[in-house]
Amino acid sequence: MTKDREREVLDTKISGLIDQGTELKGDLTFKGSFRIEGNFKGTIHSDSMLIIGERGKVEADINVGQVIINGEIRGNIQGAERVEIHAKGRVFGTIQTPKLIVEEGAYLEANCQTIEKASLLQTEHK
């Protein structure tokens with residue numbers, strides 16, 4: 001299995017979940033995909049995929065490989081690969097990513113920067 005294929009398999013496997021009715025505060029780090037359907041406040045770091053479900057509410061500084069937003073995020077988002085805001089998604093804050101995808105119907109109240117992946121990685125390590 002190639003390194004890219006291994007990463008793809010890891011990223012599609014859900015490694016964690018904050019379910020509806022759960023509230024957490026703190027620092028979250030993970031490998032593989034992580035889904036939030038409950039409430040989270042704090043910071044989130046990962047090279048993998050973060051999924052915010054329709055019932056998910058997040059107030060955090062987020063630095064991940066990819067993020068898919070169907071719920072609500074308030075804070076700073078850095079997506080090393082891409083940020084997707086789906087029709088039911090709501091974002092308030094700032095977004096930095098090389099690829100930004102916003103579906104019709106999504107709510108976006110943010111400062112957005114589409115920057116090269118290399119530039120984003122350099123700011124992560126400062």
# chains A, B, ... in the order shown; residues from 1 in each chain; ligands from 1
>>> residues_around(residues="Asp47 of chain A", least_positions_apart="5", cutoff="9 Å", atoms="only C-alpha atoms", output="ChimeraX atom specification")
/A:30-32,63-66,79-80
>>> write_last_selection(atoms="N, CA and C atoms", output="PDB file, in the first residue's frame")
ATOM      1  N   PHE A  30      -6.133  14.391  17.176  1.00  0.00           N
ATOM      2  CA  PHE A  30      -6.569  13.068  16.733  1.00  0.00           C
ATOM      3  C   PHE A  30      -5.881  12.670  15.430  1.00  0.00           C
ATOM      4  N   LYS A  31      -5.929  11.358  15.135  1.00  0.00           N
ATOM      5  CA  LYS A  31      -5.502  10.795  13.860  1.00  0.00           C
ATOM      6  C   LYS A  31      -6.708  10.088  13.278  1.00  0.00           C
ATOM      7  N   GLY A  32      -6.818  10.064  11.958  1.00  0.00           N
ATOM      8  CA  GLY A  32      -8.032   9.546  11.337  1.00  0.00           C
ATOM      9  C   GLY A  32      -9.073  10.647  11.369  1.00  0.00           C
ATOM     10  N   ASN A  63      -6.880  23.773  13.484  1.00  0.00           N
ATOM     11  CA  ASN A  63      -5.762  23.591  12.557  1.00  0.00           C
ATOM     12  C   ASN A  63      -5.756  22.112  12.166  1.00  0.00           C
ATOM     13  N   VAL A  64      -6.338  21.798  10.996  1.00  0.00           N
ATOM     14  CA  VAL A  64      -6.495  20.412  10.560  1.00  0.00           C
ATOM     15  C   VAL A  64      -6.139  20.277   9.078  1.00  0.00           C
ATOM     16  N   GLY A  65      -6.064  19.035   8.620  1.00  0.00           N
ATOM     17  CA  GLY A  65      -5.819  18.785   7.202  1.00  0.00           C
ATOM     18  C   GLY A  65      -7.011  19.212   6.363  1.00  0.00           C
ATOM     19  N   GLN A  66      -8.198  18.713   6.722  1.00  0.00           N
ATOM     20  CA  GLN A  66      -9.433  19.034   6.022  1.00  0.00           C
ATOM     21  C   GLN A  66     -10.548  19.220   7.034  1.00  0.00           C
ATOM     22  N   GLY A  79      -7.129  25.058   7.281  1.00  0.00           N
ATOM     23  CA  GLY A  79      -7.246  23.755   6.637  1.00  0.00           C
ATOM     24  C   GLY A  79      -6.081  23.579   5.688  1.00  0.00           C
ATOM     25  N   ALA A  80      -5.137  22.709   6.019  1.00  0.00           N
ATOM     26  CA  ALA A  80      -3.927  22.538   5.212  1.00  0.00           C
ATOM     27  C   ALA A  80      -4.244  22.081   3.789  1.00  0.00           C
TER      28      ALA A  80
END
>>> residues_around(residues="Val67 of chain A", least_positions_apart="5", cutoff="10 Å", atoms="only C-alpha atoms", output="ChimeraX atom specification")
/A:33-35,48-52,62,77-85
>>> residues_around(residues="Thr43 of chain A", least_positions_apart="2", cutoff="8 Å", atoms="only C-alpha atoms", output="PyMOL selection string")
chain A and resi 26-28+41+45+60-62
>>> residues_around(residues="Gly21 of chain A", least_positions_apart="4", cutoff="12 Å", atoms="only C-alpha atoms", output="PyMOL selection string")
chain A and resi 17+36-40+55-57
>>> write_last_selection(atoms="C-alpha atoms", output="PDB file, in the first residue's frame")
ATOM      1  CA  LEU A  17     -16.963  11.263  18.034  1.00  0.00           C
ATOM      2  CA  ILE A  36     -18.492  16.481  16.238  1.00  0.00           C
ATOM      3  CA  GLU A  37     -22.287  16.374  16.697  1.00  0.00           C
ATOM      4  CA  GLY A  38     -22.248  17.958  20.171  1.00  0.00           C
ATOM      5  CA  ASN A  39     -20.643  21.139  21.561  1.00  0.00           C
ATOM      6  CA  PHE A  40     -16.892  21.751  21.749  1.00  0.00           C
ATOM      7  CA  ARG A  55     -26.040  19.469  15.264  1.00  0.00           C
ATOM      8  CA  GLY A  56     -22.398  20.273  15.988  1.00  0.00           C
ATOM      9  CA  LYS A  57     -21.435  23.621  17.525  1.00  0.00           C
TER      10      LYS A  57
END
>>> atom_distance(atom1="atom CA of Lys25 of chain A", atom2="atom CA of Pro98 of chain A")
28.5 Å
>>> atom_distance(atom1="atom CA of Ile101 of chain A", atom2="atom CA of Gln20 of chain A")
25.6 Å
>>> residues_around(residues="Leu108 of chain A", least_positions_apart="6", cutoff="9 Å", atoms="only C-alpha atoms", output="list in words")
Ile85, Gly89, Arg90, Val91, Phe92, Gly93 and Val102 of chain A
>>> residues_around(residues="Gly105 of chain A", least_positions_apart="6", cutoff="9 Å", atoms="only C-alpha atoms", output="number ranges by chain")
A: 86-89
>>> decode(residues="segment 22-108 of chain A", atoms="C-alpha atoms", output="short mmCIF file (atom, residue, chain, number, x, y, z; two decimals), in the first residue's frame")
data_model
loop_
_atom_site.label_atom_id
_atom_site.label_comp_id
_atom_site.auth_asym_id
_atom_site.auth_seq_id
_atom_site.Cartn_x
_atom_site.Cartn_y
_atom_site.Cartn_z
CA THR A 22 -22.19 16.04 24.85
CA GLU A 23 -20.29 19.21 25.78
CA LEU A 24 -16.48 19.31 25.95
CA LYS A 25 -13.89 22.02 26.61
CA GLY A 26 -10.15 21.69 26.03
CA ASP A 27 -7.53 20.68 23.47
CA LEU A 28 -8.42 18.02 20.92
CA THR A 29 -5.83 16.14 18.83
CA PHE A 30 -6.57 13.07 16.73
CA LYS A 31 -5.50 10.80 13.86
CA GLY A 32 -8.03 9.55 11.34
CA SER A 33 -11.35 11.37 10.93
CA PHE A 34 -13.15 12.92 13.89
CA ARG A 35 -16.84 13.90 13.98
CA ILE A 36 -18.49 16.48 16.24
CA GLU A 37 -22.29 16.37 16.70
CA GLY A 38 -22.25 17.96 20.17
CA ASN A 39 -20.64 21.14 21.56
CA PHE A 40 -16.89 21.75 21.75
CA LYS A 41 -14.87 24.77 22.98
CA GLY A 42 -11.09 25.01 22.81
CA THR A 43 -8.45 24.10 20.23
CA ILE A 44 -8.35 21.36 17.61
CA HIS A 45 -5.15 20.08 15.93
CA SER A 46 -4.76 17.25 13.42
CA ASP A 47 -3.35 16.40 10.00
CA SER A 48 -6.57 14.52 9.29
CA MET A 49 -10.23 15.31 8.60
CA LEU A 50 -12.62 17.04 10.99
CA ILE A 51 -16.35 16.71 10.33
CA ILE A 52 -18.83 19.04 12.01
CA GLY A 53 -22.28 17.42 11.86
CA GLU A 54 -25.56 19.32 11.47
CA ARG A 55 -26.04 19.47 15.26
CA GLY A 56 -22.40 20.27 15.99
CA LYS A 57 -21.43 23.62 17.53
CA VAL A 58 -17.74 24.44 17.79
CA GLU A 59 -16.02 27.49 19.25
CA ALA A 60 -12.33 26.88 18.64
CA ASP A 61 -9.05 27.62 16.93
CA ILE A 62 -8.87 24.81 14.38
CA ASN A 63 -5.76 23.59 12.56
CA VAL A 64 -6.49 20.41 10.56
CA GLY A 65 -5.82 18.79 7.20
CA GLN A 66 -9.43 19.03 6.02
CA VAL A 67 -12.68 20.21 7.55
CA ILE A 68 -16.25 19.49 6.42
CA ILE A 69 -18.82 21.80 8.01
CA ASN A 70 -22.51 20.96 8.27
CA GLY A 71 -23.00 22.62 11.67
CA GLU A 72 -21.64 25.82 13.24
CA ILE A 73 -18.07 27.00 13.81
CA ARG A 74 -16.97 30.20 15.53
CA GLY A 75 -13.23 30.83 15.46
CA ASN A 76 -10.14 30.56 13.31
CA ILE A 77 -9.93 27.72 10.80
CA GLN A 78 -6.72 26.59 9.10
CA GLY A 79 -7.25 23.76 6.64
CA ALA A 80 -3.93 22.54 5.21
CA GLU A 81 -5.71 20.83 2.29
CA ARG A 82 -9.30 22.13 2.09
CA VAL A 83 -12.32 23.58 3.89
CA GLU A 84 -15.84 22.61 2.79
CA ILE A 85 -18.92 24.46 4.02
CA HIS A 86 -22.05 22.53 3.11
CA ALA A 87 -25.56 23.96 2.67
CA LYS A 88 -26.46 23.72 6.38
CA GLY A 89 -23.05 24.94 7.55
CA ARG A 90 -22.46 28.24 9.37
CA VAL A 91 -19.04 29.81 9.86
CA PHE A 92 -18.11 32.93 11.85
CA GLY A 93 -14.41 33.90 12.01
CA THR A 94 -11.41 33.47 9.72
CA ILE A 95 -10.52 30.77 7.20
CA GLN A 96 -7.09 30.02 5.70
CA THR A 97 -6.83 27.17 3.19
CA PRO A 98 -5.62 26.41 -0.34
CA LYS A 99 -9.12 25.16 -1.36
CA LEU A 100 -12.37 26.67 -0.10
CA ILE A 101 -15.68 25.10 -1.15
CA VAL A 102 -18.95 26.80 -0.19
CA GLU A 103 -22.25 25.19 -1.16
CA GLU A 104 -25.32 27.23 -1.99
CA GLY A 105 -27.29 27.89 1.19
CA ALA A 106 -24.25 27.94 3.51
CA TYR A 107 -23.83 30.92 5.85
CA LEU A 108 -20.39 32.50 5.82
#
